[in-house]
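Enquirer: Got a structure for you, questions after.
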Amino acid sequence: MDYFLELFFSGLTRGSIYALIALGYTMVYGIIGLINFAHGEIYMIGAFTALICASVLTVWGLPPLAVLVLSALAAMIWSAAYGFTVERIAYRPLRHAPRLSPLISAIGMSIFLQNYVLLAQSADFVPFPALIPDFAWLAPYRSIIGSSDLVILLTTTVVMILLTLLIKGTKIGKAMRATSQDKQMALLLGIDVNFVISATFVLGSALAAIGGVLIASHIGQINFAIGFLAGIKAFTAAVLGGIGSVPGAVLGSLLLGWTESFATGYISSDYEDVFAFALLVLILIFRPAGILGRRHNQKV
Amino acid sequence: MTEQAPLLQVSHLSMVFGGLKALHDLELEVGEGEIVALIGPNGAGKTTFFNCLTGVYTPTAGDIWLTRSGQTPARLNGLLPNRITEKGLARTFQNIRLFPEMTVLENVMIGCHCRHRAGILGAILRGPATRAEEKMIVARSYAILQQLRIEQHANDLAKSLPYGVQRTLEIARALATEPVILLLDEPAAGLNPKETSELDALILQIRERYRVSIVLIEHDMKLVMSLSDRIYVMDYGERIAQGTPGEIRNNQAVITAYLGEDDA
Amino acid sequence: MLAELKKAMLVAVWFMFLTLPILVVKVNPIEQKVVWRWANLALVGLAAFVLTLAGRYYGRHKTELAKYWPEFHPLLAHPALKRFFLAIIALLAALFPLFFSSYQINIMTTALMYAVLGLGLNIVVGLAGLLDLGYVAFYAVGAYSYALLNYHFGLGFWAALPIGGLLAAMFGIALGFPVLRLRGDYLAIVTLGFGEIIRLILENWNDFSFGPSGIAGIPRPGFFGMTLSVDNAICYLYYLVLLLGLLTIFVVNRLRDSRIGRAWIALREDEIACQAMGIDKTRTKLTAFALGASWAGMVGVLFAAKTTFINPASFTFLESAIILAIVVLGGMGSTVGVVIGALVFILLPEYLRAFADYRMLLFGMIMVGVMVFRPQGIIGTSRRRSYPLPDMDLGKEAGHD
């Protein structure tokens with residue numbers, strides 16, 4: 001039973017990280033119909049920014065909690081900046097180009113960013129300082145759930161609540177929803193579509209950054225390549241739940257997290273990554289709309 | 001008129017999308033060499049009907065039978081679009097769907113595809129049979145362009161053509177598939193009166209030259225009345241009237257559907 | 001003018017801010033030291049400033065500047081000139097090994113292999129419009145089929161070559177079937193998924209593929225039963241790949257101007273209209289996948305023979321991306337473009353050794369750049385096929401590239 005619970009919480013943790021990244025994918029796809037291939041790299045940059053900030057602040061002697069919070073903030077700010085810049089450079093000029101062009105541009109951007117970090121920082125795994133304290137009161141449950149798991153779950157829950165409030169309650173949230181449903185109409189109604197699109201990228205990137213910080217402190221080390229795999233898996237999750245749907249992204253992420261956790265726990269850990277890819281392939285073939293997605297009928 | 005099965009027989013055709021009944025219990029017949037028009041207000045389901053005929057949609061109920069002279073009747077509903085074209089039904093589209101990066105001649109040559117056979121090996125080796133086939137395809141396609149009087153554009157890219165020529169090219173391409181029934185979806189849309197009367201003459205010529213029946217969706221009443229042997233009127237997915245142009249002109253139900261209240 | 005400078009200033013500041021953590025700060029966590037590389041910041045600022053000004057200038061004078069980019073089509077269209085060029089190139093290609101070292105011949109062989117891969121992918125992406133991001137899987141199938149058939153059954157190179165191609169074609173059909181209904185982005189991602197799945201299986205199914213350590217001792221192609229010295233073998237392989245390249249160009253050109261080639265292009269342009277004109281969508285797509293894959297398979301066999309050692313690390317998504325970039329950068333659908341693209345991609349980094357580390361960085365940048373500034377590729381597509389018309393008196397067929 002203990003093993004099952006351990007896998008359950010491990011899956012929940014994974015799912016939470018995937019959710020933070022998947023939201024970026026789903027929001028961008030919902031609004032401009034583009035798979036932002038470079039989104040995984042934004043997540044990776046968030047992790048690196050947090051690491052750099054954390055190292056600097058630690059050297060300067062700040063207490064760990066302050067370091068954690070400030071690093072997370074820094075990660076969010078810089079990831080948002082990168083997300084914004086990538087959109088302006090690689091996607092906006094291709095807004096009206098045939099579908100292939102922005103996709104290739106995105107792949108190019110992904111390769112660029114990976115190598116940018118590789119060259120500027122390091123090819124090796126870089127250790128991330130342990131900033132999350134060990135909660136003493138959690139000791140009896142250590143075999144099932146650790147303190148950083150808990151932090152991840154709590155943070156993700158809080159973020160989800162805030163995001164829902166933003167999308168449902170604020171003006172910008174409404175503008176985002178309107179634009180994702182009908183860009184032309186939103187434009188005609190006076191919504192600054194460019195601003196909304198940029199805001200979507202910024203928001204998605206900030207969320208991914210949080211994921212980056214959390215995973216970095218959870219695993220304890222990062223390198224320039226973590227973005228690719230995490231990105232594909234998060235994309236799988238977004239598609240599973242129904243691309244374009246925010247609750248879908250969360251649902252898909254949790255399902256993927258649990259699938260991976262239980263599959264590696266009970267079946268085989270070697271093929272961990274294969275599960276995600278296989279799931280991706282199967283969904284796109286049999287139910288491309290995803291669980292919560294809407295089927296599109298083509299007009300001839 | 002001999003008592004035989006009509007060329008095209010549509011019976012009890014229904015098409016339901018989710019909760020929307022796009023077509024309901026439709027009956028329609030087309031005889032050999034006939035020009036039949038399909039008219040009705042926007043949203044009546046005319047293009048949906050074409051899409052059912054050509055296999056883009058699979059009807060939720062009903063049957064579509066094609067009976068070519070001397071052959072057993074073939075059921076069209078449920079077949080893939082390309083199989084239906086092979087059987088002898090060809091169409092044009094309401095919003096032009098040419099192949100923009102191909103030349104005019106190539107667009108028509110595509111129409112010939114299903115009537116020939118050269119495969120990969122033939123393409124690579126280019127033996128005498130393949131070369132003869134290619135020559136024939138070019139010759140046939142060019143002949144169609146000549147008959148439709150747009151041969152001067154043969155090596156121009158389809159996307160560079162003026163609108164009227166594009167419409168004609170769509171018809172040429174459909175003719176290349178050697179159909180027995182030609183479905184024209186709003187062929188006169190966007191044409192000026194001169195072009196429309198040229199289209200009138202063209203359609204009659206096509207019927208003569210190619211021995212095809214023609215089913216025509218149109219809003220231009222003058223064209224419809226002038227060309228059609230028979231007219232079917234649709235509204236809200238149902239057939240509300242059918243008959244000769246004379247009968248339809250005076251049909252109360254039709255007038256109501258188009259104009260609302262009768263204002264005599 | 002002042003407004004321009006101010007704008008450039010702002011952009012420069014933005015980029016300096018953006019790159020501050022990653023480019024400027026270098027942490028050494030072990031020794032708890034932080035290094036501040038301010039010089040980088042200055043470079044970024046300067047580069048951003050200059051590039052912004054250049055970019056704005058380009059944006060304003062785009063149409064005038066476009067005239068300076070050489071248009072290659074007139075050159076290629078003239079039949080006599082074209083023959084002349086081809087003859088020169090053929091001569092150079094044939095004599096190449098006599099003037100260059102084994103190392104350089106090896107590089108050129110690699111470049112030619114990528115050219116063939118690019119031409120194969122061109123069938124799928126350029127002609128049929130199916131974005132395949134998992135092309136490397138077929139390459140792997142070819143390589144591993146030779147390696148394993150040789151290991152288990154002692155199969156030689158010449159037997160393995162067609163078998164590799166055939167197996168890859170079968171995989172191509174297997175991949176094509178499930179993705180028949182998918183379009184654009186989704187097709188791309190699924191093919192990417194397939195590519196990765198194949199790689200992961202090769203990496204983990206140790207019993208079958210020997211896992212990450214790969215397979216070594218793969219024999220080079222024999223020359224009428226003799227085994228050659230390493231130098232001669234390299235030279236021999238060069239000619240083999242060259243021959244394959246010429247064959248590929250020949251076949252691809254023939255396919256393009258054929259009934260099936262037209263069907264592929266129609267499929268790419270408008271799938272619905274294509275079906276309405278009687279073209280069997282399924283068959284056309286599967287043929288494209290199978291044919292494209294078979295080429296990758298054959299090159300895979302050659303790759304195994306060339307390096308005599310293969311492992312899953314040679315078959316990552318990055319390879320697929322590189323091959324795709326070659327197709328896109330050369331100008332989709334253009335044979336000449338793809339060949340030049342491959343040569344540039346592989347040869348340039350070799351001769352600009354100083355920039356070797358920056359190769360992938362530049363690669364990514366170029367991909368974005370070409371898409372934004374010149375989507376039709378460096379050569380660009382001039383796919384217009386002018387047919388001799390039946391009542392015109394042309395002795396030869398008009399040219400196309």
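Chain lettering (A, B, ...) mirrors the order of the structure tokens, residue numbering begins at 1 for each chain separately, and ligand numbering begins at 1 in order of display.
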List as a Markdown table every residue of chain A that is in contact with chain C, defined as an atom at most 6 Å from one of its atoms (using only C-alpha atoms), together with the nearest atom pair and the distance in Å rounded to one decimal, sorted by chain and then rising number.

Expert:
| residue | atom | partner | partner_atom | distance |
| --- | --- | --- | --- | --- |
| A:Ser101 | CA | C:Met371 | CA | 5.9 |
| A:Ser105 | CA | C:Val368 | CA | 4.5 |
| A:Gly108 | CA | C:Gly364 | CA | 4.1 |
| A:Met109 | CA | C:Gly364 | CA | 5.8 |
| A:Ile111 | CA | C:Gly364 | CA | 5.1 |
| A:Phe112 | CA | C:Gly364 | CA | 4.4 |
| A:Asn115 | CA | C:Leu361 | CA | 5.4 |
| A:Ala120 | CA | C:Leu23 | CA | 5.3 |
| A:Val274 | CA | C:Ile197 | CA | 5.7 |
| A:Phe277 | CA | C:Gly193 | CA | 5.2 |
| A:Val281 | CA | C:Val190 | CA | 5.3 |

Enquirer: Can you write out as a tab-separated table which residues of chain C fall within 9 Å of chain B, alongside each residue's closest atom pair and its distance in Å to one decimal, counting only C-alpha atoms and ordering rows by chain and ascending residue number?

Expert:
residue	atom	partner	partner_atom	distance
C:Phe250	CA	B:Ile124	CA	8.2
C:Val251	CA	B:Ile124	CA	5.7
C:Val252	CA	B:Ile124	CA	8.2
C:Asn253	CA	B:Ile124	CA	8.6
C:Arg254	CA	B:Ile124	CA	5.4
C:Leu255	CA	B:Ala123	CA	5.5
C:Arg256	CA	B:Ala123	CA	8.6
C:Asp257	CA	B:Ala123	CA	7.9
C:Ser258	CA	B:Ala123	CA	5.5
C:Arg259	CA	B:Ala118	CA	6.7
C:Ile260	CA	B:Gly119	CA	6.5
C:Gly261	CA	B:Ala123	CA	8.5
C:Arg262	CA	B:Ile110	CA	6.8
C:Ala263	CA	B:Ile110	CA	6.8
C:Ile265	CA	B:Met102	CA	8.1
C:Ala266	CA	B:Phe99	CA	6.3
C:Arg268	CA	B:Phe99	CA	8.9
C:Glu269	CA	B:Phe99	CA	5.6
C:Asp270	CA	B:Phe99	CA	6.5
C:Ile272	CA	B:Val56	CA	8.2
C:Ala273	CA	B:Arg97	CA	6.2
C:Cys274	CA	B:Ile110	CA	8.1
C:Gln275	CA	B:Asn82	CA	4.9
C:Ala276	CA	B:Asn82	CA	5.6
C:Met277	CA	B:Gly111	CA	5.3
C:Gly278	CA	B:Asn82	CA	3.9
C:Ile279	CA	B:Asn82	CA	5.5
C:Asp280	CA	B:Asn82	CA	5.8
C:Lys281	CA	B:Asn82	CA	8.0
C:Thr287	CA	B:Ile120	CA	8.6
C:Arg383	CA	B:Glu101	CA	8.0
C:Arg384	CA	B:Thr103	CA	6.9
C:Arg385	CA	B:Thr103	CA	7.4
C:Ser386	CA	B:Asn155	CA	5.6
C:Tyr387	CA	B:Asn155	CA	7.1
C:Pro388	CA	B:Val138	CA	8.9
C:Leu389	CA	B:Tyr142	CA	7.4
C:Pro390	CA	B:Ala139	CA	6.3

Enquirer: Could you write out the selected residues, including N, CA and C atoms, as a tab-separated table (two decimals), in the first residue's frame?

Expert:
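This went into out22.tsv:
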chain	number	residue	atom	x	y	z
C	250	PHE	N	18.26	11.80	-60.17
C	250	PHE	CA	17.58	11.33	-61.37
C	250	PHE	C	16.16	10.85	-61.04
C	251	VAL	N	16.06	10.02	-60.03
C	251	VAL	CA	14.76	9.45	-59.67
C	251	VAL	C	13.80	10.54	-59.21
C	252	VAL	N	14.30	11.44	-58.35
C	252	VAL	CA	13.42	12.48	-57.83
C	252	VAL	C	12.90	13.38	-58.95
C	253	ASN	N	13.78	13.73	-59.87
C	253	ASN	CA	13.33	14.57	-60.98
C	253	ASN	C	12.27	13.85	-61.82
C	254	ARG	N	12.51	12.58	-62.08
C	254	ARG	CA	11.54	11.81	-62.84
C	254	ARG	C	10.20	11.74	-62.12
C	255	LEU	N	10.26	11.53	-60.80
C	255	LEU	CA	9.03	11.42	-60.02
C	255	LEU	C	8.25	12.72	-60.03
C	256	ARG	N	8.99	13.83	-59.92
C	256	ARG	CA	8.31	15.12	-59.83
C	256	ARG	C	7.48	15.41	-61.07
C	257	ASP	N	8.01	15.05	-62.22
C	257	ASP	CA	7.30	15.35	-63.46
C	257	ASP	C	6.54	14.15	-63.94
C	258	SER	N	5.81	13.55	-63.08
C	258	SER	CA	5.07	12.35	-63.45
C	258	SER	C	3.67	12.45	-62.85
C	259	ARG	N	2.88	11.49	-63.20
C	259	ARG	CA	1.51	11.45	-62.69
C	259	ARG	C	1.50	11.44	-61.17
C	260	ILE	N	2.41	10.64	-60.58
C	260	ILE	CA	2.39	10.55	-59.12
C	260	ILE	C	2.95	11.83	-58.49
C	261	GLY	N	3.93	12.44	-59.15
C	261	GLY	CA	4.47	13.70	-58.64
C	261	GLY	C	3.40	14.77	-58.59
C	262	ARG	N	2.60	14.83	-59.64
C	262	ARG	CA	1.53	15.82	-59.66
C	262	ARG	C	0.51	15.53	-58.56
C	263	ALA	N	0.26	14.26	-58.36
C	263	ALA	CA	-0.70	13.91	-57.30
C	263	ALA	C	-0.19	14.38	-55.94
C	265	ILE	N	1.82	16.91	-55.32
C	265	ILE	CA	1.72	18.36	-55.21
C	265	ILE	C	0.27	18.77	-55.00
C	266	ALA	N	-0.65	18.11	-55.70
C	266	ALA	CA	-2.07	18.41	-55.49
C	266	ALA	C	-2.45	18.14	-54.04
C	268	ARG	N	-0.56	18.30	-51.49
C	268	ARG	CA	0.01	19.34	-50.65
C	268	ARG	C	-0.81	20.62	-50.74
C	269	GLU	N	-1.24	20.94	-51.96
C	269	GLU	CA	-1.92	22.20	-52.16
C	269	GLU	C	-3.32	22.20	-51.55
C	270	ASP	N	-4.08	21.15	-51.76
C	270	ASP	CA	-5.45	21.13	-51.26
C	270	ASP	C	-5.95	19.69	-51.21
C	272	ILE	N	-8.61	18.31	-49.98
C	272	ILE	CA	-10.02	18.05	-50.30
C	272	ILE	C	-10.24	18.09	-51.80
C	273	ALA	N	-9.72	19.12	-52.45
C	273	ALA	CA	-9.88	19.22	-53.90
C	273	ALA	C	-9.20	18.04	-54.58
C	274	CYS	N	-8.07	17.65	-54.04
C	274	CYS	CA	-7.30	16.55	-54.59
C	274	CYS	C	-8.14	15.27	-54.60
C	275	GLN	N	-8.81	15.00	-53.50
C	275	GLN	CA	-9.68	13.83	-53.46
C	275	GLN	C	-10.84	13.96	-54.41
C	276	ALA	N	-11.37	15.18	-54.50
C	276	ALA	CA	-12.52	15.41	-55.38
C	276	ALA	C	-12.15	15.15	-56.82
C	277	MET	N	-10.86	15.25	-57.14
C	277	MET	CA	-10.43	15.02	-58.51
C	277	MET	C	-10.06	13.57	-58.74
C	278	GLY	N	-10.39	12.71	-57.79
C	278	GLY	CA	-10.21	11.29	-58.03
C	278	GLY	C	-8.91	10.71	-57.55
C	279	ILE	N	-8.14	11.47	-56.78
C	279	ILE	CA	-6.86	10.96	-56.31
C	279	ILE	C	-7.06	10.27	-54.97
C	280	ASP	N	-6.52	9.06	-54.88
C	280	ASP	CA	-6.64	8.29	-53.65
C	280	ASP	C	-5.66	8.84	-52.63
C	281	LYS	N	-6.19	9.56	-51.66
C	281	LYS	CA	-5.37	10.25	-50.68
C	281	LYS	C	-4.49	9.29	-49.91
C	287	THR	N	2.54	6.26	-50.33
C	287	THR	CA	3.63	6.16	-51.31
C	287	THR	C	4.72	7.17	-50.99
C	383	ARG	N	8.90	26.05	-59.38
C	383	ARG	CA	8.42	24.74	-59.78
C	383	ARG	C	7.62	24.78	-61.04
C	384	ARG	N	7.64	25.98	-61.68
C	384	ARG	CA	6.76	26.04	-62.84
C	384	ARG	C	7.23	25.12	-63.93
C	385	ARG	N	6.35	24.25	-64.31
C	385	ARG	CA	6.68	23.29	-65.35
C	385	ARG	C	6.01	23.73	-66.62
C	386	SER	N	6.79	24.15	-67.57
C	386	SER	CA	6.19	24.60	-68.83
C	386	SER	C	6.16	23.46	-69.81
C	387	TYR	N	5.01	23.10	-70.21
C	387	TYR	CA	4.87	21.98	-71.13
C	387	TYR	C	4.90	22.46	-72.57
C	388	PRO	N	5.49	21.64	-73.45
C	388	PRO	CA	5.36	21.98	-74.87
C	388	PRO	C	3.92	21.72	-75.26
C	389	LEU	N	3.27	22.74	-75.81
C	389	LEU	CA	1.86	22.59	-76.06
C	389	LEU	C	1.64	21.99	-77.44
C	390	PRO	N	0.62	21.18	-77.58
C	390	PRO	CA	0.43	20.39	-78.79
C	390	PRO	C	0.46	21.18	-80.09

Enquirer: Stretch 90-167 of chain C: which residues are helix (DSSP H, G or I) by DSSP, as a ChimeraX atom specification?

Expert: /C:90-99,102-127,136-153,157-167

Enquirer: What's around A:Ala238 at 10 Å? Count only C-alpha atoms, leave out sequence neighbours fewer than 3 positions away in its own chain, and write the answer as a ChimeraX atom specification.

Expert: /A:18-19,21-27,29,232-235,241-253,256,280,290-291

Enquirer: Kindly save the residues from that selection, with C-alpha atoms included, as a CSV table (one decimal), in the first residue's frame.

Expert:
chain,number,residue,atom,x,y,z
A,18,TYR,CA,3.9,19.2,-16.3
A,19,ALA,CA,0.8,21.2,-15.6
A,21,ILE,CA,4.5,23.9,-18.4
A,22,ALA,CA,1.5,22.5,-20.3
A,23,LEU,CA,-0.6,25.6,-19.5
A,24,GLY,CA,1.9,27.7,-21.6
A,25,TYR,CA,1.5,25.3,-24.5
A,26,THR,CA,-2.3,25.2,-24.3
A,27,MET,CA,-2.8,28.9,-23.9
A,29,TYR,CA,-2.1,27.1,-29.1
A,232,ILE,CA,7.4,17.2,-25.2
A,233,LYS,CA,5.8,15.6,-22.2
A,234,ALA,CA,4.0,18.7,-21.2
A,235,PHE,CA,2.8,19.1,-24.7
A,241,GLY,CA,-6.5,17.0,-22.0
A,242,GLY,CA,-7.6,18.9,-25.1
A,243,ILE,CA,-5.3,21.5,-26.5
A,244,GLY,CA,-6.6,25.0,-26.0
A,245,SER,CA,-8.4,24.1,-22.8
A,246,VAL,CA,-6.9,25.3,-19.5
A,247,PRO,CA,-8.6,22.7,-17.3
A,248,GLY,CA,-7.7,20.2,-20.0
A,249,ALA,CA,-4.1,20.9,-19.6
A,250,VAL,CA,-4.2,20.3,-15.8
A,251,LEU,CA,-6.2,17.1,-16.3
A,252,GLY,CA,-4.0,15.8,-19.0
A,253,SER,CA,-0.9,16.6,-16.9
A,256,LEU,CA,0.3,11.8,-17.6
A,280,LEU,CA,1.1,11.2,-27.4
A,290,GLY,CA,-8.3,15.3,-26.3
A,291,ILE,CA,-10.5,14.6,-23.3

Enquirer: Write out as CSV a residue-level contact list of chain B versus chain A with cut-off 10 Å: for each qualifying residue the closest pair of atoms and the distance in Å to one decimal, counting only C-alpha atoms, rows sorted by chain and residue number upward.

Expert:
residue,atom,partner,partner_atom,distance
B:Phe17,CA,A:Asn297,CA,9.4
B:Thr47,CA,A:Val300,CA,8.4
B:Thr48,CA,A:Val300,CA,8.6
B:Asn51,CA,A:Val300,CA,7.7
B:Val56,CA,A:Val300,CA,8.1
B:Tyr57,CA,A:Val300,CA,9.8
B:Phe93,CA,A:Val300,CA,8.0
B:Gln94,CA,A:Val300,CA,8.4
B:Asn95,CA,A:Val300,CA,8.3
B:Arg97,CA,A:Val300,CA,9.6

Enquirer: Would you list the contacts of stretch 197-212 of chain B as a short mmCIF file (atom, residue, chain, number, x, y, z; two decimals) with C-alpha atoms, in the first residue's frame, taking every protein, DNA or RNA residue within 7 Å and counting only C-alpha atoms, but skipping same-chain residues closer than 6 positions in sequence?

Expert:
data_model
loop_
_atom_site.label_atom_id
_atom_site.label_comp_id
_atom_site.auth_asym_id
_atom_site.auth_seq_id
_atom_site.Cartn_x
_atom_site.Cartn_y
_atom_site.Cartn_z
CA GLY B 33 -28.30 14.90 -70.49
CA PRO B 179 -17.75 12.58 -65.52
CA VAL B 180 -21.29 11.66 -66.46
CA ILE B 181 -22.64 14.15 -63.98
CA LEU B 182 -21.10 17.54 -63.37
CA LEU B 223 -29.30 31.88 -65.47
CA LEU B 227 -30.60 26.88 -68.52
#

Enquirer: Name all residues at most 7 Å from C:Met113 (count only C-alpha atoms; drop same-chain ones fewer than 4 positions away) and give them as a PyMOL selection string.

Expert: chain C and resi 109+117+241+299

Enquirer: Taking only stretch 102-279 of chain A into account, list the residues labelled strand (DSSP E) by DSSP (computed from the backbone), as a tab-separated table (two decimals) with C-alpha atoms, in the first residue's frame.

Expert:
chain	number	residue	atom	x	y	z
A	126	VAL	CA	24.88	22.09	-12.66
A	127	PRO	CA	23.88	21.50	-9.05
A	221	GLN	CA	20.56	19.57	-10.63
A	222	ILE	CA	19.75	20.88	-14.08
